[in-house]
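**Q** If you scroll down you'll find the structure; I have some questions about it.
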Amino acid sequence: MLCEIFLILVGVKGLLSPSTSNQKETDMSLEPADCPLCRSPAERAPLRSHDGYSYVCPSCGSYHIGGLAYGKAMRGHVAAHVHVDVRRLQAEGELPRIEFNAPDFVVKPVARGKQ
Ligand SMILES: [Zn+2]
């Protein structure tokens, strides 16, 4: 009986503290997911220090998107300027982060050193 409890505790601890305890922003494991901006097959990883995802899309490039903006985008409510802003920031060497601050989308560079 005690042995069983011990095994359960060890199992729970293992789930709570993943063996990879590096401080990178995203998990290394990209998962396939359609791009919320253009619906192309893309890849994403959940962000660790913010809500949302880091996306790598073959046509939109790399960008971060917040949870609220993601929900809006997946329902087809992407403002036209978002694509333009993402492209502009990428051209400037920045990593864009897309947020939704009512009533509109806001695209800002991800703070340096926090990628
Ligand atoms: Zn895309």
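Following the order of the structure tokens, chains are lettered A, B, ..., residues in each are numbered from 1, and ligands are numbered from 1.
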Kindly work out which residues sit at most 12 Å from ligand 1, using only C-alpha atoms and all ligand atoms, and give the list as an MDAnalysis selection string.
**A** chainID A and resid 33:44 54:65 73:74 78 82:83 86:87
**Q** For the residues in that selection, give me N, CA and C atoms as a PDB file, in the first residue's frame.
**A**
```
ATOM      1  N   ALA A  33       0.011  22.775 -37.272  1.00  0.00           N
ATOM      2  CA  ALA A  33      -1.225  23.528 -37.039  1.00  0.00           C
ATOM      3  C   ALA A  33      -1.401  24.505 -38.189  1.00  0.00           C
ATOM      4  N   ASP A  34      -2.634  24.713 -38.595  1.00  0.00           N
ATOM      5  CA  ASP A  34      -2.880  25.673 -39.667  1.00  0.00           C
ATOM      6  C   ASP A  34      -2.585  27.078 -39.177  1.00  0.00           C
ATOM      7  N   CYS A  35      -1.971  27.875 -40.046  1.00  0.00           N
ATOM      8  CA  CYS A  35      -1.661  29.266 -39.732  1.00  0.00           C
ATOM      9  C   CYS A  35      -2.964  30.045 -39.547  1.00  0.00           C
ATOM     10  N   PRO A  36      -3.134  30.741 -38.403  1.00  0.00           N
ATOM     11  CA  PRO A  36      -4.381  31.488 -38.195  1.00  0.00           C
ATOM     12  C   PRO A  36      -4.510  32.697 -39.122  1.00  0.00           C
ATOM     13  N   LEU A  37      -3.417  33.119 -39.739  1.00  0.00           N
ATOM     14  CA  LEU A  37      -3.473  34.282 -40.631  1.00  0.00           C
ATOM     15  C   LEU A  37      -3.864  33.889 -42.048  1.00  0.00           C
ATOM     16  N   CYS A  38      -3.305  32.800 -42.564  1.00  0.00           N
ATOM     17  CA  CYS A  38      -3.542  32.465 -43.968  1.00  0.00           C
ATOM     18  C   CYS A  38      -4.073  31.047 -44.159  1.00  0.00           C
ATOM     19  N   ARG A  39      -4.170  30.275 -43.079  1.00  0.00           N
ATOM     20  CA  ARG A  39      -4.725  28.919 -43.111  1.00  0.00           C
ATOM     21  C   ARG A  39      -3.846  27.916 -43.855  1.00  0.00           C
ATOM     22  N   SER A  40      -2.603  28.288 -44.124  1.00  0.00           N
ATOM     23  CA  SER A  40      -1.675  27.320 -44.697  1.00  0.00           C
ATOM     24  C   SER A  40      -1.254  26.348 -43.608  1.00  0.00           C
ATOM     25  N   PRO A  41      -0.896  25.112 -43.991  1.00  0.00           N
ATOM     26  CA  PRO A  41      -0.314  24.213 -43.000  1.00  0.00           C
ATOM     27  C   PRO A  41       0.991  24.809 -42.478  1.00  0.00           C
ATOM     28  N   ALA A  42       1.066  24.995 -41.170  1.00  0.00           N
ATOM     29  CA  ALA A  42       2.242  25.615 -40.552  1.00  0.00           C
ATOM     30  C   ALA A  42       2.613  24.809 -39.315  1.00  0.00           C
ATOM     31  N   GLU A  43       3.543  25.349 -38.524  1.00  0.00           N
ATOM     32  CA  GLU A  43       3.934  24.698 -37.269  1.00  0.00           C
ATOM     33  C   GLU A  43       3.880  25.719 -36.153  1.00  0.00           C
ATOM     34  N   ARG A  44       3.588  25.219 -34.956  1.00  0.00           N
ATOM     35  CA  ARG A  44       3.524  26.135 -33.830  1.00  0.00           C
ATOM     36  C   ARG A  44       4.068  25.453 -32.582  1.00  0.00           C
ATOM     37  N   SER A  54       3.926  30.444 -30.709  1.00  0.00           N
ATOM     38  CA  SER A  54       4.927  30.861 -31.671  1.00  0.00           C
ATOM     39  C   SER A  54       4.668  30.077 -32.945  1.00  0.00           C
ATOM     40  N   TYR A  55       4.422  30.770 -34.043  1.00  0.00           N
ATOM     41  CA  TYR A  55       4.113  30.109 -35.310  1.00  0.00           C
ATOM     42  C   TYR A  55       5.271  30.246 -36.285  1.00  0.00           C
ATOM     43  N   VAL A  56       5.440  29.223 -37.095  1.00  0.00           N
ATOM     44  CA  VAL A  56       6.335  29.290 -38.238  1.00  0.00           C
ATOM     45  C   VAL A  56       5.510  28.867 -39.444  1.00  0.00           C
ATOM     46  N   CYS A  57       5.209  29.852 -40.304  1.00  0.00           N
ATOM     47  CA  CYS A  57       4.344  29.607 -41.454  1.00  0.00           C
ATOM     48  C   CYS A  57       5.154  29.776 -42.731  1.00  0.00           C
ATOM     49  N   PRO A  58       4.972  28.883 -43.705  1.00  0.00           N
ATOM     50  CA  PRO A  58       5.734  29.008 -44.959  1.00  0.00           C
ATOM     51  C   PRO A  58       5.443  30.295 -45.711  1.00  0.00           C
ATOM     52  N   SER A  59       4.254  30.877 -45.552  1.00  0.00           N
ATOM     53  CA  SER A  59       3.979  32.107 -46.291  1.00  0.00           C
ATOM     54  C   SER A  59       3.985  33.350 -45.413  1.00  0.00           C
ATOM     55  N   CYS A  60       3.709  33.234 -44.121  1.00  0.00           N
ATOM     56  CA  CYS A  60       3.703  34.409 -43.241  1.00  0.00           C
ATOM     57  C   CYS A  60       5.000  34.564 -42.455  1.00  0.00           C
ATOM     58  N   GLY A  61       5.859  33.562 -42.441  1.00  0.00           N
ATOM     59  CA  GLY A  61       7.097  33.646 -41.677  1.00  0.00           C
ATOM     60  C   GLY A  61       6.856  33.320 -40.211  1.00  0.00           C
ATOM     61  N   SER A  62       7.810  33.759 -39.365  1.00  0.00           N
ATOM     62  CA  SER A  62       7.741  33.487 -37.929  1.00  0.00           C
ATOM     63  C   SER A  62       7.064  34.645 -37.216  1.00  0.00           C
ATOM     64  N   TYR A  63       6.184  34.311 -36.278  1.00  0.00           N
ATOM     65  CA  TYR A  63       5.543  35.349 -35.483  1.00  0.00           C
ATOM     66  C   TYR A  63       4.957  34.710 -34.230  1.00  0.00           C
ATOM     67  N   HIS A  64       4.671  35.546 -33.235  1.00  0.00           N
ATOM     68  CA  HIS A  64       3.961  35.113 -32.033  1.00  0.00           C
ATOM     69  C   HIS A  64       2.542  35.663 -32.104  1.00  0.00           C
ATOM     70  N   ILE A  65       1.617  34.923 -31.528  1.00  0.00           N
ATOM     71  CA  ILE A  65       0.232  35.408 -31.493  1.00  0.00           C
ATOM     72  C   ILE A  65      -0.352  35.110 -30.121  1.00  0.00           C
ATOM     73  N   ALA A  73      -8.599  35.288 -34.862  1.00  0.00           N
ATOM     74  CA  ALA A  73      -8.090  34.947 -36.189  1.00  0.00           C
ATOM     75  C   ALA A  73      -8.686  33.630 -36.677  1.00  0.00           C
ATOM     76  N   MET A  74      -8.813  32.668 -35.764  1.00  0.00           N
ATOM     77  CA  MET A  74      -9.337  31.370 -36.176  1.00  0.00           C
ATOM     78  C   MET A  74     -10.817  31.452 -36.524  1.00  0.00           C
ATOM     79  N   VAL A  78      -9.414  38.396 -39.050  1.00  0.00           N
ATOM     80  CA  VAL A  78      -8.084  38.998 -39.104  1.00  0.00           C
ATOM     81  C   VAL A  78      -8.163  40.297 -39.895  1.00  0.00           C
ATOM     82  N   VAL A  82      -2.957  43.464 -40.347  1.00  0.00           N
ATOM     83  CA  VAL A  82      -2.114  42.547 -39.582  1.00  0.00           C
ATOM     84  C   VAL A  82      -1.046  41.942 -40.487  1.00  0.00           C
ATOM     85  N   HIS A  83      -1.454  41.504 -41.676  1.00  0.00           N
ATOM     86  CA  HIS A  83      -0.499  40.898 -42.611  1.00  0.00           C
ATOM     87  C   HIS A  83       0.596  41.906 -42.974  1.00  0.00           C
ATOM     88  N   VAL A  86       2.933  42.491 -39.926  1.00  0.00           N
ATOM     89  CA  VAL A  86       3.820  41.346 -39.701  1.00  0.00           C
ATOM     90  C   VAL A  86       4.982  41.394 -40.689  1.00  0.00           C
ATOM     91  N   ARG A  87       4.659  41.631 -41.962  1.00  0.00           N
ATOM     92  CA  ARG A  87       5.691  41.708 -42.999  1.00  0.00           C
ATOM     93  C   ARG A  87       6.679  42.829 -42.728  1.00  0.00           C
TER      94      ARG A  87
END
```
